[in-house]
file input.tsv (TSV, C-alpha atoms)
chain	number	residue	atom	x	y	z
Q	1	MET	CA	0.00	0.00	0.00
Q	2	LYS	CA	1.47	3.31	-1.10
Q	3	ILE	CA	0.42	6.79	-0.03
Q	4	TYR	CA	0.23	8.95	-3.15
Q	5	TYR	CA	-0.89	12.20	-1.51
Q	6	LYS	CA	0.33	12.69	2.06
Q	7	LYS	CA	-1.69	15.86	2.78
Q	8	ASN	CA	-4.99	14.13	1.99
Q	9	PHE	CA	-3.88	11.03	3.90
Q	10	ILE	CA	-3.15	13.05	7.08
Q	11	SER	CA	-6.41	15.01	6.73
Q	12	GLY	CA	-8.26	11.72	6.29
Q	13	VAL	CA	-6.67	10.19	9.40
Q	14	VAL	CA	-7.49	13.33	11.45
Q	15	CYS	CA	-11.13	13.32	10.25
Q	16	LEU	CA	-11.49	9.61	10.93
Q	17	LEU	CA	-9.99	9.95	14.40
Q	18	LEU	CA	-12.28	12.88	15.28
Q	19	GLY	CA	-15.28	10.89	14.03
Q	20	VAL	CA	-14.34	7.89	16.19
Q	21	LEU	CA	-13.26	9.91	19.24
Q	22	ASN	CA	-16.53	11.85	19.41
Q	23	PRO	CA	-18.70	8.85	20.50
Q	24	LEU	CA	-15.81	7.40	22.50
Q	25	THR	CA	-15.53	10.52	24.68
Q	26	CYS	CA	-19.27	10.24	25.33
Q	27	LEU	CA	-18.81	6.59	26.30
Q	28	PHE	CA	-15.86	7.08	28.67
Q	29	VAL	CA	-15.94	10.76	29.75
Q	30	THR	CA	-19.22	12.65	29.54
Q	31	GLY	CA	-21.71	9.75	29.43
Q	32	TRP	CA	-24.17	8.60	26.74
Q	33	ASP	CA	-26.93	10.92	27.97
Q	34	ARG	CA	-24.89	13.82	26.53
Q	35	PHE	CA	-24.66	12.14	23.11
Q	36	THR	CA	-27.31	13.71	20.84
Q	37	TRP	CA	-28.43	13.11	17.25
Q	38	LYS	CA	-26.28	16.08	16.20
Q	39	ASP	CA	-23.18	14.32	17.60
Q	40	GLY	CA	-24.20	11.16	15.79
Q	41	TRP	CA	-24.58	12.88	12.43
Q	42	LEU	CA	-21.31	14.75	12.97
Q	43	SER	CA	-19.47	11.51	13.75
Q	44	ILE	CA	-20.92	9.76	10.69
Q	45	ALA	CA	-20.02	12.73	8.45
Q	46	LEU	CA	-16.46	12.87	9.83
Q	47	VAL	CA	-15.92	9.11	9.43
Q	48	LEU	CA	-17.26	9.15	5.86
Q	49	ALA	CA	-15.22	12.21	4.88
Q	50	GLY	CA	-12.10	10.73	6.49
Q	51	MET	CA	-12.55	7.41	4.70
Q	52	GLN	CA	-13.07	9.15	1.38
Q	53	MET	CA	-9.91	11.23	1.83
Q	54	LEU	CA	-7.93	8.15	2.89
Q	55	LEU	CA	-9.10	6.13	-0.09
Q	56	ARG	CA	-8.39	9.00	-2.51
Q	57	SER	CA	-4.89	9.42	-1.10
Q	58	LEU	CA	-4.18	5.74	-1.76
Q	59	ASP	CA	-5.50	5.76	-5.33
Q	60	PRO	CA	-2.91	7.09	-7.82
Q	61	THR	CA	-5.42	8.63	-10.27
Q	62	ALA	CA	-7.56	10.33	-7.59
Q	63	ALA	CA	-4.46	11.49	-5.68
Q	64	ARG	CA	-3.03	13.05	-8.85
Q	65	LYS	CA	-6.33	14.82	-9.52
Q	66	ASP	CA	-6.51	16.16	-5.95
Q	67	LEU	CA	-2.89	17.33	-6.09
Q	68	THR	CA	-3.51	19.12	-9.40
Q	69	GLU	CA	-6.59	20.83	-7.92
Q	70	ASP	CA	-4.61	21.91	-4.82
Q	71	LEU	CA	-1.64	23.24	-6.81
Q	72	ASP	CA	-3.70	24.82	-9.57
Q	73	GLU	CA	-2.53	28.42	-9.94
Q	74	ARG	CA	-6.02	29.79	-10.66
Q	75	ASN	CA	-7.45	28.09	-7.55
Q	76	ARG	CA	-4.65	29.61	-5.47
Q	77	LEU	CA	-5.29	33.05	-6.94
Q	78	ILE	CA	-9.01	32.75	-6.20
Q	79	GLU	CA	-8.22	31.70	-2.62
Q	80	LEU	CA	-5.88	34.67	-2.15
Q	81	ARG	CA	-8.33	37.13	-3.65
Q	82	SER	CA	-11.24	35.86	-1.57
Q	83	GLN	CA	-9.12	36.08	1.59
Q	84	ALA	CA	-8.08	39.64	0.72
Q	85	ALA	CA	-11.68	40.64	-0.07
Q	86	SER	CA	-13.01	39.16	3.18
Q	87	TYR	CA	-10.28	41.00	5.13
Q	88	ARG	CA	-11.20	44.31	3.44
Q	89	LEU	CA	-14.90	43.72	4.15
Q	90	LEU	CA	-14.29	42.90	7.83
Q	91	PHE	CA	-11.99	45.93	8.18
Q	92	ARG	CA	-14.70	48.23	6.83
Q	93	LEU	CA	-17.41	46.60	8.95
Q	94	VAL	CA	-15.33	47.10	12.11
Q	95	LEU	CA	-14.67	50.72	11.12
Q	96	ALA	CA	-18.40	51.26	10.53
Q	97	GLY	CA	-19.09	49.70	13.94
Q	98	ILE	CA	-16.63	52.10	15.59
Q	99	VAL	CA	-18.24	55.11	13.93
Q	100	ILE	CA	-21.74	53.93	14.90
Q	101	CYS	CA	-20.65	53.39	18.52
Q	102	MET	CA	-19.01	56.83	18.69
Q	103	LEU	CA	-22.08	58.51	17.23
Q	104	GLY	CA	-24.34	56.50	19.51
Q	105	TYR	CA	-22.42	57.55	22.58
Q	106	GLY	CA	-22.24	61.17	21.39
Q	107	ILE	CA	-26.01	61.32	20.99
Q	108	SER	CA	-27.29	59.19	23.86
Q	109	ARG	CA	-24.38	59.15	26.38
Q	110	GLN	CA	-25.19	55.49	27.10
Q	111	GLU	CA	-22.24	53.42	28.39
Q	112	ALA	CA	-23.31	50.40	26.37
Q	113	PHE	CA	-21.83	52.08	23.30
Q	114	VAL	CA	-18.45	52.42	25.06
Q	115	HIS	CA	-18.54	48.72	26.03
Q	116	ALA	CA	-19.19	47.78	22.41
Q	117	LEU	CA	-16.56	50.23	21.15
Q	118	LEU	CA	-13.60	48.81	23.09
Q	119	PRO	CA	-13.49	45.32	21.47
Q	120	LEU	CA	-14.08	46.90	18.07
Q	121	LEU	CA	-11.12	49.25	18.61
Q	122	LEU	CA	-8.96	46.29	19.65
Q	123	LEU	CA	-10.00	44.39	16.52
Q	124	TYR	CA	-9.26	47.43	14.36
Q	125	LEU	CA	-5.85	47.84	15.97
Q	126	ALA	CA	-5.00	44.12	15.57
Q	127	ALA	CA	-6.10	44.18	11.92
Q	128	GLY	CA	-4.04	47.33	11.29
Q	129	ILE	CA	-0.91	45.82	12.88
Q	130	ALA	CA	-1.37	42.55	10.96
Q	131	ARG	CA	-1.71	44.53	7.71
Q	132	LEU	CA	1.45	46.54	8.46
Q	133	VAL	CA	3.50	43.45	9.37
Q	134	THR	CA	2.43	41.50	6.26
Q	135	LEU	CA	3.00	44.56	4.07
Q	136	LEU	CA	6.57	44.94	5.38
Q	137	ARG	CA	7.22	41.20	5.01
Q	138	TYR	CA	6.04	41.02	1.40
Q	139	GLU	CA	7.80	44.28	0.56
Q	140	GLN	CA	11.07	42.63	1.60
Q	141	THR	CA	10.52	39.19	0.10
Q	142	THR	CA	8.75	40.02	-3.16
B	143	MET	CA	-5.80	39.10	-22.40
B	144	LYS	CA	-6.55	38.02	-25.95
B	145	ASN	CA	-5.15	34.57	-26.75
B	146	ARG	CA	-5.30	31.70	-29.24
B	147	VAL	CA	-5.54	28.80	-26.76
B	148	LYS	CA	-8.99	27.64	-27.89
B	149	GLU	CA	-8.15	27.96	-31.57
B	150	LEU	CA	-4.90	26.00	-31.23
B	151	ARG	CA	-6.47	23.37	-28.95
B	152	ILE	CA	-9.28	22.69	-31.41
B	153	ALA	CA	-6.79	22.59	-34.29
B	154	ALA	CA	-4.76	20.01	-32.36
B	155	GLY	CA	-7.90	17.93	-31.73
B	156	MET	CA	-7.55	18.08	-27.97
B	157	THR	CA	-10.19	18.38	-25.27
B	158	GLN	CA	-9.91	20.91	-22.45
B	159	GLN	CA	-9.36	18.03	-20.02
B	160	GLN	CA	-6.51	16.61	-22.12
B	161	LEU	CA	-4.79	19.98	-22.33
B	162	ALA	CA	-5.27	20.50	-18.58
B	163	GLU	CA	-3.62	17.15	-17.85
B	164	ARG	CA	-0.70	17.95	-20.16
B	165	VAL	CA	0.06	21.23	-18.39
B	166	HIS	CA	-0.83	20.10	-14.82
B	167	VAL	CA	-3.75	22.42	-14.14
B	168	SER	CA	-7.48	21.92	-13.64
B	169	SER	CA	-9.83	21.94	-16.63
B	170	ARG	CA	-11.55	25.01	-15.11
B	171	THR	CA	-8.29	26.91	-15.53
B	172	ILE	CA	-8.23	26.02	-19.24
B	173	ILE	CA	-11.88	27.11	-19.59
B	174	SER	CA	-11.03	30.39	-17.87
B	175	LEU	CA	-7.98	30.93	-20.11
B	176	GLU	CA	-10.04	30.32	-23.23
B	177	LYS	CA	-12.69	32.79	-22.07
B	178	GLU	CA	-9.86	35.31	-21.55
B	179	GLN	CA	-10.91	35.76	-17.93
B	180	TYR	CA	-7.63	34.60	-16.46
B	181	ASN	CA	-4.04	35.36	-17.42
B	182	PRO	CA	-1.67	32.45	-16.78
B	183	SER	CA	1.70	32.54	-15.04
B	184	LEU	CA	4.73	32.77	-17.29
B	185	LEU	CA	5.51	29.08	-16.72
B	186	LEU	CA	1.99	27.95	-17.61
B	187	ALA	CA	2.04	30.10	-20.75
B	188	TYR	CA	5.34	28.46	-21.77
B	189	ARG	CA	3.94	24.99	-21.06
B	190	ILE	CA	0.86	25.60	-23.20
B	191	ALA	CA	3.00	27.09	-25.97
B	192	GLU	CA	5.23	24.01	-25.82
B	193	VAL	CA	2.23	21.68	-26.16
B	194	PHE	CA	1.14	23.49	-29.35
B	195	GLN	CA	4.75	23.89	-30.54
B	196	THR	CA	4.44	27.63	-30.82
B	197	SER	CA	5.85	30.65	-29.01
B	198	VAL	CA	4.26	32.52	-26.09
B	199	GLU	CA	4.25	35.63	-28.31
B	200	GLU	CA	2.10	33.79	-30.87
B	201	LEU	CA	-0.10	32.12	-28.26
B	202	TYR	CA	-0.81	35.38	-26.48
B	203	CYS	CA	-1.00	37.64	-29.58
B	204	LEU	CA	1.72	39.84	-28.13
B	205	ARG	CA	1.57	42.58	-30.80
B	206	GLU	CA	-2.21	43.01	-30.58
B	207	ASN	CA	-2.22	42.99	-26.79
B	208	ARG	CA	0.64	45.46	-26.63
B	209	GLU	CA	-1.10	47.85	-29.04
B	210	LEU	CA	-4.31	47.57	-27.02
B	211	GLU	CA	-2.51	48.25	-23.76
B	212	ASP	CA	-0.62	51.19	-25.27
B	213	ARG	CA	-3.92	52.67	-26.46
B	214	ASN	CA	-5.45	52.22	-22.98
B	215	TYR	CA	-2.38	53.85	-21.45
B	216	GLU	CA	-2.61	56.80	-23.84
B	217	ASP	CA	-6.29	57.22	-22.95
B	218	LEU	CA	-5.33	57.50	-19.29
B	219	LEU	CA	-2.90	60.36	-19.94
call {"tool": "encode", "arguments": {"input": "input.tsv", "output": "structure tokens"}}
result
Amino acid sequence: MKIYYKKNFISGVVCLLLGVLNPLTCLFVTGWDRFTWKDGWLSIALVLAGMQMLLRSLDPTAARKDLTEDLDERNRLIELRSQAASYRLLFRLVLAGIVICMLGYGISRQEAFVHALLPLLLLYLAAGIARLVTLLRYEQTT
Amino acid sequence: MKNRVKELRIAAGMTQQQLAERVHVSSRTIISLEKEQYNPSLLLAYRIAEVFQTSVEELYCLRENRELEDRNYEDLL
């Protein structure tokens, strides 16, 4: 038995393990009364997905197809662009939230707006720092 | 960018899937290239040109694209 695509094989093993460990933790740790239908469906889905990934990683044709899909330059570009677009959208949403909170506090003087503003400011600051660090990194390496 | 991928592929009697397998990309990438929605990397352009035994300049209609870009640039000034 030869593994043709290691990444899929590892993902398959992880999925399979999670699918098996979910009911096992209920059996030995939390008790069966905590095991619901949702857990059952999740376990079945994880086991099936894991098995599919394992089988595909062991089949040369399927593994080659999966590898081509993963390395495909257009797929990678789409992934990068969607990540960049979602970052931009979140950045603007946080900024809009900050403005709304400031206006809200200015008009109503309610402290709830200040409580909502603080985490938004932290998020905005973290996003700004992350942007600056990545910008500097890619400026140096590209 | 304007290109001759579809024209050359049909002339060579190849399917999009066959071309995709030859150049190690997905068939969706070939579809996108033929629709002129996606511009390939330099290496992919060379690979496709190699399959059709032509040059990248021929495959990607370099003169026409350059003239078009020059015109667009002039319009911006």
call {"tool": "residues_around", "arguments": {"input": "input.tsv", "residues": "region 173-189 of chain B", "least_positions_apart": "4", "cutoff": "6 Å", "atoms": "all atoms listed in the file", "output": "ChimeraX atom specification"}}
result
/B:143,147-148
call {"tool": "axis_aligned_box", "arguments": {"input": "input.tsv", "around": "region 144-155 of chain B", "padding_each_side": "3 Å", "output": "JSON"}}
result
{"center_x": -7.0, "center_y": 28.0, "center_z": -30.1, "size_x": 10.5, "size_y": 26.1, "size_z": 14.3}
call {"tool": "atom_distance", "arguments": {"input": "input.tsv", "atom1": "CA of Leu55 (chain Q)", "atom2": "CA of Lys6 (chain Q)"}}
result
11.7 Å
call {"tool": "interface_residues", "arguments": {"input": "input.tsv", "of": "chain B", "to": "chain Q", "cutoff": "7 Å", "atoms": "only C-alpha atoms", "output": "list in words"}}
result
His166, Val167, Ser168 and Thr171 of chain B
call {"tool": "residues_around", "arguments": {"input": "input.tsv", "residues": "Ile190 (chain B)", "least_positions_apart": "2", "cutoff": "10 Å", "atoms": "only C-alpha atoms", "output": "list in words"}}
result
Val147, Leu150, Arg151, Leu161, Ala162, Arg164, Val165, Ile172, Pro182, Leu185, Leu186, Ala187, Tyr188, Glu192, Val193, Phe194, Gln195, Thr196, Ser197, Val198 and Leu201 of chain B
call {"tool": "residues_around", "arguments": {"input": "input.tsv", "residues": "Met51 (chain Q)", "least_positions_apart": "2", "cutoff": "10 Å", "atoms": "all atoms listed in the file", "output": "PyMOL selection string"}}
result
chain Q and resi 9+11-13+15-16+45-49+53-57
call {"tool": "atom_distance", "arguments": {"input": "input.tsv", "atom1": "CA of Leu17 (chain Q)", "atom2": "CA of Asp33 (chain Q)"}}
result
21.7 Å
call {"tool": "closest_residue", "arguments": {"input": "input.tsv", "among": "Q:Pro60, Q:Gly31, Q:Gly106, Q:Gly50", "to": "Gly19 (chain Q)", "atoms": "all atoms listed in the file"}}
result
Q:Gly50
call {"tool": "atom_distance", "arguments": {"input": "input.tsv", "atom1": "CA of Cys101 (chain Q)", "atom2": "CA of Ala127 (chain Q)"}}
result
18.4 Å
call {"tool": "closest_residue", "arguments": {"input": "input.tsv", "among": "Q:Ala84, Q:Val29, Q:Ala116, Q:Val20", "to": "Ser43 (chain Q)", "atoms": "only C-alpha atoms"}}
result
Q:Val20
call {"tool": "closest_residue", "arguments": {"input": "input.tsv", "among": "B:Glu163, B:Lys144, B:Arg170, B:Ile152", "to": "Glu209 (chain B)", "atoms": "all atoms listed in the file"}}
result
B:Lys144
